[in-house]
Structure formats: structure tokens, C-alpha cells
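Worksheet: one structure, shown below.
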Amino acid sequence: MSYSKILKSTGLLGSVQLLSVLISVVRNKAAAVLIGTVGMGLSDLYARTIELLANSTNFGLAVSGVRRLSVLHEAGDRRAVAHHVRLLRTWIFLAALLGALLTAVLAPLVSLWMGGDLSHTGSVLLLAPAVALTTLTGGEIAVLRGIRRLKSIAVTSVLVAGFTLLIAVPLYLLWGLRSVTWVILLTTAATFAVQLAATWRSFPYRISPLRSRFVRSGLPLLRLGMGYIAAGICSSGAEMLVRTTLTRSADGLHAAGLYAVGLTLTVSYARMVFVAMDADYFPRLSAACADRGRQNATVNAQIDVLVLLMTSLLLLLALCLPFLVRLLYSSEFLPVMPMVLAALPYMYFKAVYAPAAYLSLAHGDSVTYVVMEVLYDAVFIVAVVAGYRIGGLLGAGIGLSVANACDLCFIHLTYRRRYGLRLHRATLQLVVVQGLLLSVGLAAAAAGTSWQHRAVGAAALLAAGLYGLYRLRRQRRKI
């Protein structure tokens, strides 16, 4: 696939996410003003708790369900698709009940883990329905993905962002910190309702949890998804452990709130660049894996495009960071700037290794996938926690970048031996040049906000953009 086609698919799928991000910006601004760093830290801690408990009990059904539905949909067997949708929803429903029950039973232990006391027990109990709704939502999204309703997925993501804004702002305005739990509960309910409405026209909601023979026929779904669920649990557990460590520090929820905002600025807004990979890149890579030459060409082309886009985006973010923090949040969040600048290489490293990281999934090698995820999670915990304890939020930002740099090395060394991955000389040259320009821009932003520093950052951004255009034109001449 040519650069222009990859850019087109990336822009098409990522542009829809832009509207969701803009709505999220308004929501985050309202939250920053109405509930402050403590409220945002509490909200993020509860969200990570839901994610961990949902990932621990959903058995990877959403992942395994998509693969089977895609095969049946491709074959055009409408009855078989409807049967599998019902089977998937039945198992998702049972998993959702298990998640809610486990959350209720473990509420005191979860509270102790979160804050060292039982003060959060009541709030965790209220989160039990949110855990169930999160699992149910995953099932409906799996149905949309399995039957290739990408447009519906895009539309529902925008609707969910809109409903979240309409729910959160009035409740934050009326009840402040006391509304955090209810905002989470109501927004998860609205999210499920939107996703269910999108699937209802094609497949009305029907389940058969009391038909034991029917339920047993879905056991292969569990076996297929166990590798993915193990990786999900480890990832969610790592995120949760980092946040509880920050919560128990001297600055408590204030530190957790600043860390959550820093991670949002670093990751969430740059994540639009990666949107196309789920819907476009992964199928192409899966089809190319039988031929190592074609596989490596696919991986290298995707790395080239991601690096070109990510470098300019990160430099622009660094250049505008003081303005963005005040615009998106408030001056109370300005202490997060050093962390963000130190963590921006985190996303650059991800742009280099993410296309290669899909190789284990494309080859159906769930064991390697899980091992690499667990290895990264271990490094992530050590790097971020140690970084925070040594250097506060700045240290945490450095820890994020160190963790992804290690992941870059692990993935490329392991997959070079296991799948024959090779980076082309032109790709390595691009990574080095853009990496140097990013380093110059970040160093200028960290040094100060004078016009001289801004001029250096702007020059780095211009050079990165011009070099990107040069590479695109050169690639077109080769095609």
C-alpha cells in the first residue's frame, strides 16, 4: 500500500475521532474548573478500577467474538451470524453479572487497595453496575465490528462523547466531588444505550442464559479470548497500581489528578494518529504475514507514516503546551507541563514500535503477545513509580518515556528473531532524523517560553514538516 493510501485511510478514520476529542476537551475543561485536580484524580482512579474489574471478568469475549462474526459475515450466512450474535450476547451477559457480583463482594478490598482504608467502599459498590455495563458495551461494539459497521462505530463514538458531556457538566455543577461516582454510572449507562441502539436494527437484543446446551456451545469463545484477557488484566492492573501509588503519596489525589491530566495531554490527543491501525492496518498485515518481504514492507510503510505524523503533532503540542493547559484545563494544572514534555517521547517510541507489535496478533501467536505485554507492564510500573518517587511528576514523565523505549527494543529484537522483522534503511534514517528534530523542539520547550525558545521549536516543527513532504514525494516517485 502506498503512503498516500495509508494517509487517506488514517485521515478518514481519524477525522471522526477529532470531533469526539473536541467534545472531550470541553468536558475536561468543565471538570477541571468544577471539580479540580482532586476530583479528576478520583474520577480517573474509579475509571481505572472499572477497567480492571471489567477486564478481569469479560474473558476476552469481545475480541474472540469479532473474529468469528467476521468469518460468518464474510460468508454471507445471515442465520449463522444472528445465532452467533445471540450466543455472544448470552456469554457477555453472564460475564457482566459476574463482574458486578465480584465488584460488590470485593468492594472493601478494592477500597483498601485504592486508598489504604474503607472510605471508598460505598463508591465501589455503586460502581458494580458500571462494571457490568462496560462489559455489555464491549459486546455490542464487537457485534458492530464483526459485521463491519465501521460508520456506525464512528457515529456512536461521537454520540457517546456528546452524552457524556451533557451528563457530566450539570452534575459537576450541582454536586461537585459528590457527583463523580454518579457521573461514571450514568455515562456508562448512556454508552451502552447508544451502542445497543446501533445494533438493535440489525439484531434485536436476545439472549438465552438458561439454555445450558446453548450456553455450552459458546465455550470455544472463552478459550480463544483467554490470552487477550490475561494481557488486558496485566495492563489494567499496572495502570491501577501506578495510580494507587500516587494516591498514597504525600500529595494524594492532587498528584493522581495531575498525572491523569498529564497522561491525557500526552496520549489521548495524539492517539487519533493510531485510530486507523485497528480498522485498516491490522487486516492488511494479517494478509501479508505469509510473505516475509510483503510483511516487512507493510510494517515499514506504516512506521514511516506514523513517525511523520507523530513528530509534527508532538512538536506542535510542545510549542503550544502552556496555552493548551490553560485553555483545556486551568492554571491550577500548569505544574503538569514538565511531566508532559518529558513524556512526549513516549508517543514517538510508540509510533516506531506499534506497527511491529501487531505481528504477534497477525500471526495468531497469543503466547508471545501476552509475554510482551507482561514484560512491558513490569517495566512500566518500575519506571513510572521509581521516577515519581525520585523526581515527582517530572520523574513520572521520564519513566513513561523510558518504559516505551524499552518496549521498542524488546519488540524489535524479539520479533526480528521470531517473525523475521527487518527495518529498511530508509525507515531507520527517517526515525533518526525525525527523532533528532523532536529532541531539539522538546529541549527548546523545556528551556523556557521566550521568543528565542519558541523560534527554535517552530524551526524544528517546520523542518520536520518539510522533511516529511520530501519523503512523501520521494516515495510517490518509487510507486
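So you can find residues: chains in the C-alpha cells are A, B, ... in the order shown, residues in each start at 1, and ligands are numbered from 1 in order.
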Q: Fewer than 3 positions away in the same chain doesn't count, so skip those; otherwise give me all residues within 8 Å of stretch 459-468 of chain A, counting only C-alpha atoms, as a PyMOL selection string.
A: chain A and resi 308+311-312+315-316+434+437-438+440-441+455-456+471-472
(Q) as a ChimeraX atom specification, please: the residues near A:Ala403 (cut-off 6 Å, only C-alpha atoms, same-chain neighbours under 3 positions excluded). (A) /A:379-380,400,406
Q: Write out as a VMD selection string all residues of stretch 186-430 of chain A that DSSP puts in alpha helix (DSSP H) for this structure's backbone.
A: chain A and resid 186 to 200 212 to 216 219 to 247 252 to 263 275 to 276 282 to 288 292 to 328 337 to 357 359 to 362 366 to 419 425 to 430
Dump as a tab-separated table the rows for residues of stretch 324-430 of chain A within 12 Å of stretch 60-83 of chain A: closest atom pair and distance in Å with one decimal, only C-alpha atoms counted, ordered by chain and rising residue number.
residue	atom	partner	partner_atom	distance
A:Leu361	CA	A:Val63	CA	11.3
A:Ala362	CA	A:Arg67	CA	11.9
A:Gly364	CA	A:Arg67	CA	11.4
A:Ser366	CA	A:Ser64	CA	11.9
Selection to disk with all heavy atoms, as an mmCIF file, in the first residue's frame:
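The resulting part36.cif:
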data_model
loop_
_atom_site.group_PDB
_atom_site.id
_atom_site.type_symbol
_atom_site.label_atom_id
_atom_site.label_comp_id
_atom_site.auth_asym_id
_atom_site.auth_seq_id
_atom_site.Cartn_x
_atom_site.Cartn_y
_atom_site.Cartn_z
ATOM 1 N N LEU A 361 -0.211 -10.687 16.934
ATOM 2 C CA LEU A 361 -1.647 -10.889 16.720
ATOM 3 C C LEU A 361 -1.920 -11.366 15.301
ATOM 4 O O LEU A 361 -2.749 -12.256 15.071
ATOM 5 C CB LEU A 361 -2.401 -9.583 16.991
ATOM 6 C CG LEU A 361 -2.343 -9.039 18.420
ATOM 7 C CD1 LEU A 361 -3.044 -7.691 18.494
ATOM 8 C CD2 LEU A 361 -2.978 -10.016 19.392
ATOM 9 N N ALA A 362 -1.222 -10.778 14.324
ATOM 10 C CA ALA A 362 -1.438 -11.164 12.931
ATOM 11 C C ALA A 362 -1.033 -12.612 12.682
ATOM 12 O O ALA A 362 -1.618 -13.296 11.838
ATOM 13 C CB ALA A 362 -0.651 -10.236 12.006
ATOM 14 N N GLY A 364 -1.330 -14.910 14.979
ATOM 15 C CA GLY A 364 -2.113 -15.744 15.884
ATOM 16 C C GLY A 364 -1.299 -16.295 17.038
ATOM 17 O O GLY A 364 -1.644 -17.329 17.612
ATOM 18 N N SER A 366 -0.704 -15.862 20.439
ATOM 19 C CA SER A 366 -1.191 -15.204 21.651
ATOM 20 C C SER A 366 -0.200 -15.301 22.801
ATOM 21 O O SER A 366 -0.143 -14.422 23.658
ATOM 22 C CB SER A 366 -2.537 -15.799 22.076
ATOM 23 O OG SER A 366 -2.419 -17.181 22.328
#
I'd like the neighbourhood of A:Val382 as a PDB file with C-alpha atoms, in the first residue's frame, where a residue qualifies if any of its atoms comes within 12 Å (using only C-alpha atoms), though same-chain residues fewer than 6 positions away should be ignored.
ATOM      1  CA  ALA A 238      -0.337  -1.907  36.050  1.00  0.00           C
ATOM      2  CA  GLU A 239      -2.239   1.337  35.430  1.00  0.00           C
ATOM      3  CA  LEU A 241      -1.060   0.151  40.683  1.00  0.00           C
ATOM      4  CA  VAL A 242       0.617   3.329  39.443  1.00  0.00           C
ATOM      5  CA  THR A 245       0.836   4.596  44.417  1.00  0.00           C
ATOM      6  CA  LEU A 375       7.142  -7.579  30.205  1.00  0.00           C
ATOM      7  CA  TYR A 376       6.143  -4.047  29.251  1.00  0.00           C
ATOM      8  CA  TYR A 388       7.785   9.649  40.592  1.00  0.00           C
ATOM      9  CA  ARG A 389       9.469   8.836  43.889  1.00  0.00           C
ATOM     10  CA  ILE A 390      12.777  10.280  42.685  1.00  0.00           C
ATOM     11  CA  GLY A 395      10.225  11.740  37.025  1.00  0.00           C
ATOM     12  CA  ALA A 396       6.957  10.006  36.166  1.00  0.00           C
ATOM     13  CA  ILE A 398      10.649  10.376  32.208  1.00  0.00           C
ATOM     14  CA  GLY A 399       9.559   6.941  33.429  1.00  0.00           C
ATOM     15  CA  LEU A 400       6.855   6.763  30.757  1.00  0.00           C
ATOM     16  CA  VAL A 402      11.899   5.033  29.423  1.00  0.00           C
ATOM     17  CA  ALA A 403       9.246   2.295  29.577  1.00  0.00           C
ATOM     18  CA  CYS A 406      12.470  -0.407  26.492  1.00  0.00           C
TER      19      CYS A 406
END
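Excluding A:Arg326 and any residue on its chain fewer than 2 positions from it, the residues at most 12 Å away by only C-alpha atoms are Val25, Asn28, Lys29, Ala32, Val33, Cys320, Leu321, Pro322, Phe323, Leu324, Leu328, Tyr329, Ser330, Ser331, Glu332, Phe333, Leu334, Pro335, Val336 and Met337 of chain A.
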Q.
Quick one: residues within 10 Å of A:Leu53, only C-alpha atoms, excluding same-chain residues fewer than 4 positions away - as a list in words?
A.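 The contact residues come out as Arg48, Thr49, Thr57, Asn58, Leu98, Gly99, Ala100, Leu102, Thr103, Leu106, Val110, Ala128, Val131, Ala132, Thr134, Thr135, Ile233, Ser236 and Gly237 of chain A.
Counting only C-alpha atoms, the residue from A:Tyr358, A:Phe93, A:Leu393, A:Ala343 that sits nearest to A:Leu210 is A:Phe93.
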Q: Mind checking which residues fall within 9 Å of A:Ser152, counting only C-alpha atoms, ignoring those fewer than 6 positions away in the same chain, and posting them as number ranges by chain?
A: A: 144, 195, 198-199
Q) A:Pro209, A:Ile35, A:Ala383, A:His453: which is nearest A:Ala405, counting only C-alpha atoms? A) A:Ala383
Q) So how far away is atom CA of A:Leu222 from atom CA of A:Ala290, in Å? A) 27.0 Å
Q | A:Val215 environment, 10 Å, only C-alpha atoms, sequence neighbours closer than 2 positions dropped, as a list in words | A | Leu87, Leu88, Thr90, Trp91, Leu94, Ile207, Ser208, Pro209, Leu210, Arg211, Ser212, Arg213, Ser217, Gly218 and Leu219 of chain A
